[in-house]
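Text of structure01.txt (compact mmCIF, C-alpha atoms and all ligand atoms) as supplied:
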# COMPACT_ATOMS: atom_id res chain seq x y z
CA MET C 16 113.79 -59.04 -74.58
CA THR C 17 116.17 -57.77 -77.24
CA PRO C 18 115.26 -54.52 -79.00
CA LEU C 19 115.49 -54.63 -82.81
CA TYR C 20 114.25 -52.31 -85.57
CA HIS C 21 112.28 -54.31 -88.08
CA ASP C 22 111.60 -53.31 -91.69
CA LEU C 23 108.02 -54.35 -92.40
CA SER C 24 107.69 -52.84 -95.86
CA GLY C 25 105.95 -55.21 -98.23
CA GLU C 26 104.77 -57.32 -95.28
CA THR C 27 101.33 -57.88 -93.81
CA VAL C 28 100.42 -57.23 -90.17
CA VAL C 29 97.16 -58.82 -89.05
CA VAL C 30 95.41 -57.44 -85.97
CA PHE C 31 92.72 -59.56 -84.31
CA GLY C 32 90.36 -57.26 -82.42
CA GLY C 33 89.26 -53.81 -83.59
CA GLY C 34 88.74 -52.17 -80.18
CA ALA C 35 90.74 -49.34 -78.62
CA VAL C 36 93.95 -51.36 -78.40
CA GLY C 37 93.66 -53.06 -81.81
CA SER C 38 92.96 -49.67 -83.33
CA ARG C 39 96.09 -48.15 -81.76
CA LYS C 40 98.26 -51.02 -82.96
CA ALA C 41 96.76 -50.87 -86.49
CA ARG C 42 97.48 -47.15 -86.70
CA GLY C 43 101.00 -47.73 -85.42
CA PHE C 44 101.82 -50.24 -88.14
CA ASP C 45 99.90 -48.57 -90.97
CA GLU C 46 102.80 -46.52 -92.28
CA ALA C 47 105.15 -49.47 -92.41
CA ALA C 48 103.05 -52.36 -93.66
CA ARG C 49 99.81 -53.63 -95.15
CA VAL C 50 97.47 -53.84 -92.14
CA VAL C 51 94.41 -56.11 -91.94
CA VAL C 52 92.12 -55.91 -88.90
CA VAL C 53 89.84 -58.91 -88.28
CA SER C 54 87.03 -58.13 -85.85
CA PRO C 55 83.23 -58.27 -85.56
CA GLU C 56 83.19 -54.57 -84.56
CA PHE C 57 85.52 -51.67 -85.17
CA ASP C 58 86.54 -48.71 -83.06
CA GLU C 59 85.26 -45.49 -84.71
CA ARG C 60 88.78 -44.12 -85.24
CA LEU C 61 89.57 -47.23 -87.24
CA VAL C 62 86.46 -46.83 -89.37
CA SER C 63 87.23 -43.20 -90.19
CA LEU C 64 90.86 -44.04 -90.90
CA ALA C 65 89.88 -46.82 -93.31
CA GLU C 66 87.50 -44.38 -95.05
CA GLU C 67 90.02 -41.54 -95.17
CA ALA C 68 92.80 -43.73 -96.52
CA GLY C 69 93.43 -43.27 -100.17
CA ASP C 70 93.28 -39.48 -99.88
CA GLY C 71 97.04 -39.48 -99.39
CA GLU C 72 96.89 -38.28 -95.80
CA SER C 73 97.29 -41.51 -93.93
CA GLY C 74 100.96 -41.89 -94.78
CA SER C 75 100.69 -45.44 -96.11
CA ASP C 76 100.20 -46.49 -99.68
CA GLU C 77 97.48 -48.94 -98.80
CA PRO C 78 94.44 -48.27 -96.62
CA ILE C 79 93.92 -50.32 -93.48
CA GLU C 80 91.68 -53.25 -94.43
CA LEU C 81 88.78 -54.03 -92.10
CA VAL C 82 87.45 -57.58 -92.27
CA ARG C 83 84.25 -58.17 -90.34
CA ALA C 84 84.55 -61.62 -88.75
CA ALA C 85 84.81 -63.21 -85.31
CA PRO C 86 86.93 -66.31 -85.70
CA ASP C 87 86.85 -68.62 -82.71
CA ALA C 88 90.03 -70.13 -81.33
CA ASP C 89 89.88 -73.03 -83.82
CA ALA C 90 89.42 -70.77 -86.85
CA VAL C 91 92.25 -68.36 -86.12
CA ALA C 92 94.95 -70.58 -87.68
CA ASP C 93 93.17 -70.51 -91.07
CA TRP C 94 93.21 -66.72 -91.08
CA ILE C 95 96.91 -66.62 -90.34
CA GLU C 96 97.53 -69.27 -92.98
CA ARG C 97 95.65 -67.26 -95.59
CA LEU C 98 96.96 -63.79 -94.76
CA ASP C 99 100.54 -65.00 -94.21
CA PRO C 100 101.51 -62.03 -92.01
CA ALA C 101 105.01 -61.21 -90.77
CA LEU C 102 103.39 -60.23 -87.45
CA ALA C 103 100.10 -61.15 -85.80
CA VAL C 104 98.69 -58.91 -83.07
CA ALA C 105 96.32 -60.51 -80.55
CA ALA C 106 94.10 -57.64 -79.37
CA THR C 107 90.69 -59.19 -78.78
CA ASP C 108 89.01 -59.15 -75.37
CA ASP C 109 88.81 -62.95 -75.51
CA ALA C 110 91.84 -64.55 -73.87
CA ALA C 111 91.25 -67.91 -75.57
CA VAL C 112 91.24 -66.28 -79.01
CA ASN C 113 94.36 -64.27 -78.14
CA ALA C 114 96.09 -67.46 -76.99
CA ALA C 115 95.08 -69.19 -80.25
CA VAL C 116 96.50 -66.29 -82.28
CA GLU C 117 99.75 -66.63 -80.39
CA ALA C 118 99.96 -70.42 -80.87
CA ALA C 119 99.03 -70.32 -84.57
CA ALA C 120 101.50 -67.54 -85.32
CA LEU C 121 104.35 -69.20 -83.45
CA ASP C 122 103.63 -72.56 -85.12
CA ARG C 123 104.14 -70.89 -88.48
CA GLY C 124 107.26 -68.98 -87.48
CA LYS C 125 105.49 -65.60 -87.43
CA LEU C 126 106.09 -62.88 -84.90
CA VAL C 127 103.31 -62.33 -82.40
CA ASN C 128 102.34 -59.48 -80.11
CA ARG C 129 99.96 -60.30 -77.26
CA THR C 130 98.41 -57.13 -75.99
CA ASP C 131 96.65 -58.75 -73.04
CA VAL C 132 99.61 -60.17 -71.13
CA SER C 133 102.87 -58.67 -70.00
CA GLY C 134 104.84 -61.56 -68.56
CA GLY C 135 105.45 -65.21 -69.32
CA ARG C 136 105.76 -64.81 -73.06
CA ASP C 137 106.83 -67.51 -75.44
CA PRO C 138 109.98 -67.16 -77.48
CA GLY C 139 109.15 -65.34 -80.73
CA SER C 140 106.75 -62.93 -79.11
CA VAL C 141 107.34 -59.20 -79.37
CA VAL C 142 106.46 -56.19 -77.23
CA VAL C 143 105.36 -53.03 -79.02
CA PRO C 144 107.42 -50.22 -77.52
CA ALA C 145 106.50 -46.59 -77.02
CA THR C 146 108.23 -44.77 -79.87
CA ILE C 147 109.51 -41.28 -80.53
CA GLU C 148 110.33 -40.29 -84.08
CA ASP C 149 112.19 -37.36 -85.52
CA ASP C 150 113.05 -38.88 -88.86
CA PRO C 151 115.57 -40.50 -89.34
CA VAL C 152 116.01 -40.78 -85.56
CA THR C 153 113.78 -43.26 -83.73
CA VAL C 154 113.73 -43.98 -80.00
CA ALA C 155 111.91 -47.13 -78.84
CA LEU C 156 111.15 -47.58 -75.18
CA SER C 157 109.93 -50.54 -73.18
CA THR C 158 109.60 -51.34 -69.51
CA GLY C 159 109.78 -55.01 -70.39
CA GLY C 160 106.01 -55.10 -70.10
CA THR C 161 106.11 -54.09 -66.45
CA SER C 162 104.57 -50.64 -66.69
CA PRO C 163 103.15 -49.39 -70.03
CA ALA C 164 102.01 -46.19 -68.29
CA LEU C 165 105.63 -45.46 -67.35
CA ALA C 166 106.70 -46.17 -70.94
CA LYS C 167 104.24 -43.49 -72.06
CA ALA C 168 105.38 -40.98 -69.42
CA LEU C 169 109.04 -41.48 -70.31
CA ARG C 170 108.21 -41.14 -73.99
CA GLU C 171 106.75 -37.70 -73.31
CA ARG C 172 109.96 -36.63 -71.53
CA ILE C 173 112.23 -37.97 -74.24
CA GLU C 174 110.15 -36.30 -76.94
CA ALA C 175 111.20 -32.92 -75.57
CA GLU C 176 114.75 -34.10 -75.01
CA ILE C 177 115.48 -35.15 -78.61
CA GLU C 178 113.79 -32.26 -80.37
CA GLY C 179 115.87 -31.39 -83.43
CA ALA C 180 117.67 -34.75 -83.50
CA GLY C 181 116.38 -35.48 -87.02
CA GLU C 182 118.02 -32.31 -88.37
CA MET C 183 121.19 -33.12 -86.46
CA ALA C 184 121.28 -36.63 -87.92
CA ALA C 185 120.90 -35.24 -91.44
CA LEU C 186 123.60 -32.59 -90.95
CA SER C 187 126.13 -34.82 -89.22
CA GLY C 188 125.49 -37.61 -91.74
CA GLU C 189 126.23 -35.19 -94.55
CA ILE C 190 129.39 -33.96 -92.83
CA ARG C 191 130.54 -37.52 -92.24
CA GLU C 192 130.23 -38.32 -95.96
CA GLU C 193 131.98 -35.08 -96.97
CA LEU C 194 134.94 -35.70 -94.69
CA LYS C 195 135.19 -39.28 -95.96
CA SER C 196 135.27 -38.21 -99.61
CA ALA C 197 137.76 -35.44 -98.80
CA GLY C 198 140.09 -38.14 -97.51
CA VAL C 199 140.33 -36.71 -93.98
CA ALA C 200 142.15 -39.17 -91.71
CA PRO C 201 139.64 -41.41 -89.89
CA GLU C 202 140.66 -40.23 -86.43
CA LYS C 203 140.19 -36.56 -87.26
CA ARG C 204 136.96 -37.30 -89.06
CA ARG C 205 135.54 -39.15 -86.08
CA GLU C 206 136.58 -36.41 -83.69
CA ALA C 207 135.03 -33.74 -85.91
CA VAL C 208 131.72 -35.60 -86.17
CA ARG C 209 131.68 -36.35 -82.44
CA ARG C 210 132.23 -32.68 -81.65
CA VAL C 211 129.53 -31.55 -84.07
CA VAL C 212 126.85 -33.77 -82.52
CA ARG C 213 127.81 -32.58 -79.02
CA SER C 214 128.08 -28.89 -79.84
CA ARG C 215 125.46 -26.67 -78.20
CA GLY C 216 126.18 -24.08 -80.87
CA VAL C 217 125.27 -26.46 -83.68
CA TRP C 218 122.05 -27.61 -81.96
CA LYS C 219 121.07 -23.98 -81.39
CA GLY C 220 122.02 -23.03 -84.94
CA LEU C 221 119.84 -25.82 -86.33
CA GLN C 222 116.86 -24.41 -84.47
CA LYS C 223 117.21 -21.28 -86.60
CA GLY C 224 117.64 -23.28 -89.78
CA ARG C 225 119.83 -25.72 -91.62
CA SER C 226 122.34 -23.15 -92.93
CA ASN C 227 122.85 -21.68 -89.45
CA GLY C 228 123.56 -25.14 -88.13
CA ARG C 229 125.93 -25.79 -91.00
CA GLN C 230 127.88 -22.57 -90.28
CA GLU C 231 128.27 -23.48 -86.62
CA ALA C 232 129.37 -26.97 -87.61
CA ASP C 233 131.97 -25.63 -90.04
CA THR C 234 133.58 -23.65 -87.21
CA VAL C 235 133.75 -26.78 -85.06
CA ILE C 236 135.19 -28.85 -87.93
CA GLU C 237 137.85 -26.24 -88.76
CA GLU C 238 139.02 -26.22 -85.14
CA VAL C 239 139.58 -29.97 -85.31
CA LEU C 240 141.19 -30.02 -88.76
CA ASP C 241 143.52 -27.06 -88.00
CA ARG C 242 145.03 -28.80 -85.03
C1 LIG C 301 103.96 -48.59 -75.16
C2 LIG C 301 102.55 -48.90 -75.62
C3 LIG C 301 102.58 -49.11 -77.11
C4 LIG C 301 101.26 -49.41 -77.74
O1 LIG C 301 100.43 -50.11 -77.15
O2 LIG C 301 101.04 -48.93 -78.84
C5 LIG C 301 102.08 -50.09 -74.83
N1 LIG C 301 101.10 -49.77 -74.02
C6 LIG C 301 100.81 -48.45 -74.09
C7 LIG C 301 99.96 -47.77 -73.23
C8 LIG C 301 99.17 -48.30 -72.15
N2 LIG C 301 98.80 -49.59 -72.06
C9 LIG C 301 98.05 -49.75 -70.89
C10 LIG C 301 97.91 -48.49 -70.27
C11 LIG C 301 97.08 -48.21 -69.02
C12 LIG C 301 97.91 -48.14 -67.79
C13 LIG C 301 98.48 -49.48 -67.36
O3 LIG C 301 97.71 -50.45 -67.17
O4 LIG C 301 99.71 -49.53 -67.13
C14 LIG C 301 98.65 -47.59 -71.05
C15 LIG C 301 98.94 -46.14 -70.78
C16 LIG C 301 97.86 -45.23 -71.23
O5 LIG C 301 97.03 -45.62 -72.06
O6 LIG C 301 97.88 -44.13 -70.73
C17 LIG C 301 97.43 -51.00 -70.37
C18 LIG C 301 98.06 -52.30 -70.64
N3 LIG C 301 99.10 -52.56 -71.51
C19 LIG C 301 99.37 -53.90 -71.49
C20 LIG C 301 98.44 -54.52 -70.62
C21 LIG C 301 98.36 -56.02 -70.39
C22 LIG C 301 99.09 -56.44 -69.18
O7 LIG C 301 99.90 -55.67 -68.62
O8 LIG C 301 98.89 -57.58 -68.80
C23 LIG C 301 97.65 -53.50 -70.06
C24 LIG C 301 96.62 -53.60 -68.99
C25 LIG C 301 95.25 -53.88 -69.55
C26 LIG C 301 94.24 -53.94 -68.43
O9 LIG C 301 94.29 -54.92 -67.70
O10 LIG C 301 93.50 -52.99 -68.33
C27 LIG C 301 100.41 -54.57 -72.20
C28 LIG C 301 101.35 -53.99 -73.02
N4 LIG C 301 101.38 -52.70 -73.43
C29 LIG C 301 102.50 -52.46 -74.14
C30 LIG C 301 102.74 -51.32 -74.88
C31 LIG C 301 103.44 -53.61 -74.04
C32 LIG C 301 104.50 -53.33 -72.96
C33 LIG C 301 105.29 -52.04 -73.18
C34 LIG C 301 106.40 -51.88 -72.21
O11 LIG C 301 107.27 -52.75 -72.15
O12 LIG C 301 106.45 -50.86 -71.49
C35 LIG C 301 102.52 -54.75 -73.61
C36 LIG C 301 103.13 -55.73 -72.64
C37 LIG C 301 102.07 -55.57 -74.80
C38 LIG C 301 101.84 -54.79 -76.05
O13 LIG C 301 100.74 -54.27 -76.19
O14 LIG C 301 102.75 -54.76 -76.87
C39 LIG C 301 101.51 -47.82 -75.22
C40 LIG C 301 102.11 -46.44 -74.92
C41 LIG C 301 101.98 -45.62 -76.18
C42 LIG C 301 102.46 -44.25 -75.95
O15 LIG C 301 103.64 -44.01 -76.18
O16 LIG C 301 101.63 -43.40 -75.62
N1 LIG C 302 98.41 -53.47 -74.69
C1 LIG C 302 97.77 -52.48 -74.18
O1 LIG C 302 98.24 -51.36 -74.19
C2 LIG C 302 96.42 -52.72 -73.55
C3 LIG C 302 95.70 -51.64 -73.03
C4 LIG C 302 94.43 -51.87 -72.50
C5 LIG C 302 93.92 -53.16 -72.55
N2 LIG C 302 94.65 -54.18 -73.05
C6 LIG C 302 94.12 -55.55 -73.20
O2 LIG C 302 93.88 -55.73 -74.62
C7 LIG C 302 92.62 -56.35 -74.88
C8 LIG C 302 91.75 -55.47 -75.79
O3 LIG C 302 91.50 -54.24 -75.15
P1 LIG C 302 90.51 -53.17 -75.79
O4 LIG C 302 90.43 -52.03 -74.85
O5 LIG C 302 90.86 -52.92 -77.20
O6 LIG C 302 89.14 -54.01 -75.72
P2 LIG C 302 87.81 -53.77 -76.56
O7 LIG C 302 86.74 -54.55 -75.87
O8 LIG C 302 87.62 -52.33 -76.85
O9 LIG C 302 88.12 -54.46 -77.97
C9 LIG C 302 88.14 -55.84 -78.17
C10 LIG C 302 87.79 -56.07 -79.63
O10 LIG C 302 87.96 -57.46 -79.94
C11 LIG C 302 86.89 -57.83 -80.78
N3 LIG C 302 86.72 -59.30 -80.75
C12 LIG C 302 86.06 -60.05 -79.84
N4 LIG C 302 86.15 -61.35 -80.19
C13 LIG C 302 86.85 -61.41 -81.33
C14 LIG C 302 87.27 -62.48 -82.19
N5 LIG C 302 86.93 -63.76 -81.92
N6 LIG C 302 88.00 -62.19 -83.28
C15 LIG C 302 88.32 -60.91 -83.57
N7 LIG C 302 87.96 -59.86 -82.81
C16 LIG C 302 87.24 -60.11 -81.69
C17 LIG C 302 85.70 -57.06 -80.23
O11 LIG C 302 84.66 -56.96 -81.19
C18 LIG C 302 86.33 -55.72 -79.96
O12 LIG C 302 86.33 -54.92 -81.13
C19 LIG C 302 92.03 -56.62 -73.52
O13 LIG C 302 92.25 -58.00 -73.31
C20 LIG C 302 92.82 -55.80 -72.51
O14 LIG C 302 93.09 -56.54 -71.34
C21 LIG C 302 95.88 -53.97 -73.56
In C-alpha cells, write the structure found in this file.
Amino acid sequence: MTPLYHDLSGETVVVFGGGAVGSRKARGFDEAARVVVVSPEFDERLVSLAEEAGDGESGSDEPIELVRAAPDADAVADWIERLDPALAVAATDDAAVNAAVEAAALDRGKLVNRTDVSGGRDPGSVVVPATIEDDPVTVALSTGGTSPALAKALRERIEAEIEGAGEMAALSGEIREELKSAGVAPEKRREAVRRVVRSRGVWKGLQKGRSNGRQEADTVIEEVLDR
C-alpha cells in the first residue's frame, strides 16, 4: 500500500450502506467531495447531517445526498455507471453486494474502499487511514489493515504530539518565502528554516500567539544569517 493525498474536490464519492461504518465514511469525505449514500436505511447521524447541511455548518458546499435503495449485486454496476464516482465505498453488511461494488468500480477504473475486508485486496483498492488534521498539516495513519483499533489509538497519541503544527507550517512557510524573495543564499535559507521548525522557543512562542512565535523565529534566523 502506497500512501497518497488525493484531491477529491469536484468529484463524487458514493457510499453503499448507510449504517455506522457508511455514516463514518460519508462524514469523512463530506468536506472534500460530493457524497451520495445509497442504502435502504440510514444511521441517525447521517439523517441529521443531511438535514443540517445547507446551514453552513457542515463544512461542505453540498449536503450529503441520501438515496433510499437496496441494489442487489447485479444492480450495483448501474449505480456506479450513473453516478460516475472517483471513489466507491462498499459499506453494506452484505458481502456479495460489497464484492459487486468492488468489481464494478475496478472495471470502470474507479477507486474502491472495501470496509469489510482487510487483506487480499485487488489492485486499485484503497484503505481509509486514521487522520489527524491541523490545517495545513495532515497526518494519515494505517496499519495496512491489520489493526484499525491500533490506528485509532496511535491517532490519539499523535494528535497531542502535533498540536500547533498548523501554526508552525504557516509561519515557517511565510519565512521560507521571505528569505527566498530577499535573495538569501539557498544553504543559509534552508538552515534557517530547519532551525525554526526545530526550535522549542518558536513552538512555545506560537502557543502564546503568532507574533510571539514570529519574534522567537526572528532571533533564530538572525543567528543563522549573522554567521
Ligand atoms: C482508521 C479507520 C478509518 C475509518 O474507518 O474512518 C478505519 N477503521 C477505524 C476504526 C475501527 N474499525 C474497526 C474497529 C473495531 C476494532 C477492530 O476490529 O479492530 C475500529 C476501532 C474503533 O471503532 O474503536 C473494525 C474494522 N475495521 C475494518 C474491519 C474489517 C476487517 O478487518 O476485516 C473491521 C472489523 C469489522 C468486524 O468484523 O467487526 C477494516 C478497516 N478499517 C479501516 C479504517 C481500514 C484499515 C485501517 C488501517 O490500515 O489501520 C480497513 C481495512 C478498511 C477501511 O474501512 O478503509 C477508523 C479509525 C478512525 C479513527 O481515527 O478513530
Ligand atoms: N471499516 C471499518 O472500520 C468497519 C468497522 C466495523 C464493521 N465493518 C464492516 O463493515 C460492514 C458494515 O458495518 P456497519 O456496522 O455499518 O453495519 P450496519 O448493519 O450498521 O450497516 C449496514 C448498512 O448497509 C445497508 N445495506 C444492506 N444491504 C444493502 C444494499 N444492497 N445496498 C445498499 N445498502 C445496503 C443496511 O441497510 C445498513 O444501513 C460490515 O460488513 C462490517 O463487517 C467495518
- List all protein, DNA and RNA residues that have an atom no more than 6 Å from any atom of ligand LIG 302 (chain C), counting only C-alpha atoms and all ligand atoms, and report them as number ranges by chain. C: 31-37, 53-57, 85-87, 106-109, 112, 130-131
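The residue that comes closest to Thr153 in chain C, out of C:Arg191, C:Arg204, C:His21, C:Arg39 and on the basis of only C-alpha atoms, is C:His21.
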- Item | Residue contacts of Gly139 in chain C (7 Å, only C-alpha atoms) excluding same-chain residues fewer than 2 positions away, as a ChimeraX atom specification | /C:121,126-127,137,141
Using C-alpha atoms, can you write the selected residues to a file as a short mmCIF file (atom, residue, chain, number, x, y, z; two decimals), keeping the file's coordinate frame?
data_model
loop_
_atom_site.label_atom_id
_atom_site.label_comp_id
_atom_site.auth_asym_id
_atom_site.auth_seq_id
_atom_site.Cartn_x
_atom_site.Cartn_y
_atom_site.Cartn_z
CA LEU C 121 104.35 -69.20 -83.45
CA LEU C 126 106.09 -62.88 -84.90
CA VAL C 127 103.31 -62.33 -82.40
CA ASP C 137 106.83 -67.51 -75.44
CA VAL C 141 107.34 -59.20 -79.37
#
Which residues are near Glu202 in chain C? Cut-off 12 Å, only C-alpha atoms, ignore same chain within fewer than 6 positions. Put them as an mmCIF file with C-alpha atoms, in the frame of the given file.
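After the write, part-v5.cif holds the following:
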data_model
loop_
_atom_site.group_PDB
_atom_site.id
_atom_site.type_symbol
_atom_site.label_atom_id
_atom_site.label_comp_id
_atom_site.auth_asym_id
_atom_site.auth_seq_id
_atom_site.Cartn_x
_atom_site.Cartn_y
_atom_site.Cartn_z
ATOM 1 C CA ARG C 191 130.540 -37.520 -92.240
ATOM 2 C CA LEU C 194 134.940 -35.700 -94.690
ATOM 3 C CA LYS C 195 135.190 -39.280 -95.960
ATOM 4 C CA VAL C 208 131.720 -35.600 -86.170
ATOM 5 C CA ARG C 209 131.680 -36.350 -82.440
ATOM 6 C CA VAL C 239 139.580 -29.970 -85.310
ATOM 7 C CA LEU C 240 141.190 -30.020 -88.760
#
Give as a tab-separated table (two decimals) with C-alpha atoms, in the frame of the given file the residues surrounding ligand LIG 301 (chain C) up to a distance of 6 Å, considering only C-alpha atoms and all ligand atoms.
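Result file follows (selection-v2.tsv):
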chain	number	residue	atom	x	y	z
C	39	ARG	CA	96.09	-48.15	-81.76
C	40	LYS	CA	98.26	-51.02	-82.96
C	128	ASN	CA	102.34	-59.48	-80.11
C	129	ARG	CA	99.96	-60.30	-77.26
C	130	THR	CA	98.41	-57.13	-75.99
C	131	ASP	CA	96.65	-58.75	-73.04
C	132	VAL	CA	99.61	-60.17	-71.13
C	133	SER	CA	102.87	-58.67	-70.00
C	142	VAL	CA	106.46	-56.19	-77.23
C	143	VAL	CA	105.36	-53.03	-79.02
C	144	PRO	CA	107.42	-50.22	-77.52
C	145	ALA	CA	106.50	-46.59	-77.02
C	146	THR	CA	108.23	-44.77	-79.87
C	157	SER	CA	109.93	-50.54	-73.18
C	158	THR	CA	109.60	-51.34	-69.51
C	159	GLY	CA	109.78	-55.01	-70.39
C	160	GLY	CA	106.01	-55.10	-70.10
C	161	THR	CA	106.11	-54.09	-66.45
C	162	SER	CA	104.57	-50.64	-66.69
C	163	PRO	CA	103.15	-49.39	-70.03
C	164	ALA	CA	102.01	-46.19	-68.29
C	166	ALA	CA	106.70	-46.17	-70.94
C	167	LYS	CA	104.24	-43.49	-72.06
C	170	ARG	CA	108.21	-41.14	-73.99
- Task: Take CA of Arg83 in chain C and CA of Val104 in chain C and report the distance between them in Å, one decimal.
- Result: 16.2 Å
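In this structure, CA of Ala180 in chain C sits 12.6 Å away from CA of Gly220 in chain C.
Close contacts of Ala65 in chain C, defined as residues with an atom at most 8 Å away when counting all atoms listed in the file, with chain neighbours fewer than 3 positions off set aside, comprise Leu61, Val62, Ala68, Pro78, Ile79, Glu80 and Leu81 of chain C.
Going from CA of Val154 in chain C over to CA of Lys223 in chain C, you cover 23.9 Å.
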- Message: Which residues are near Leu98 in chain C? Cut-off 9 Å, only C-alpha atoms, ignore same chain within fewer than 6 positions. Put them as a list in words.
- Response: Thr27, Val28, Val29 and Val51 of chain C
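You can rank C:Glu206, C:Glu77, C:Asp45, C:Glu148 by their closest distance to Ile177 in chain C using only C-alpha atoms, and at the top of that list sits C:Glu148.
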- Message: When you look at Val152 in chain C with a cut-off of 12 Å (counting only C-alpha atoms), what residues show up, excluding the ones that are within fewer than 2 positions of it in the same chain? I need them as a VMD selection string.
- Response: chain C and resid 20 146 to 150 154 to 155 174 177 to 185 188
Write out, as a tab-separated table (two decimals), keeping the file's coordinate frame, the residues just selected, with C-alpha atoms.
chain	number	residue	atom	x	y	z
C	20	TYR	CA	114.25	-52.31	-85.57
C	146	THR	CA	108.23	-44.77	-79.87
C	147	ILE	CA	109.51	-41.28	-80.53
C	148	GLU	CA	110.33	-40.29	-84.08
C	149	ASP	CA	112.19	-37.36	-85.52
C	150	ASP	CA	113.05	-38.88	-88.86
C	154	VAL	CA	113.73	-43.98	-80.00
C	155	ALA	CA	111.91	-47.13	-78.84
C	174	GLU	CA	110.15	-36.30	-76.94
C	177	ILE	CA	115.48	-35.15	-78.61
C	178	GLU	CA	113.79	-32.26	-80.37
C	179	GLY	CA	115.87	-31.39	-83.43
C	180	ALA	CA	117.67	-34.75	-83.50
C	181	GLY	CA	116.38	-35.48	-87.02
C	182	GLU	CA	118.02	-32.31	-88.37
C	183	MET	CA	121.19	-33.12	-86.46
C	184	ALA	CA	121.28	-36.63	-87.92
C	185	ALA	CA	120.90	-35.24	-91.44
C	188	GLY	CA	125.49	-37.61	-91.74
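Minimum distance to Ala120 in chain C across C:Ala200, C:Val30, C:Leu156, C:Ala47 (counting only C-alpha atoms) occurs at C:Val30.
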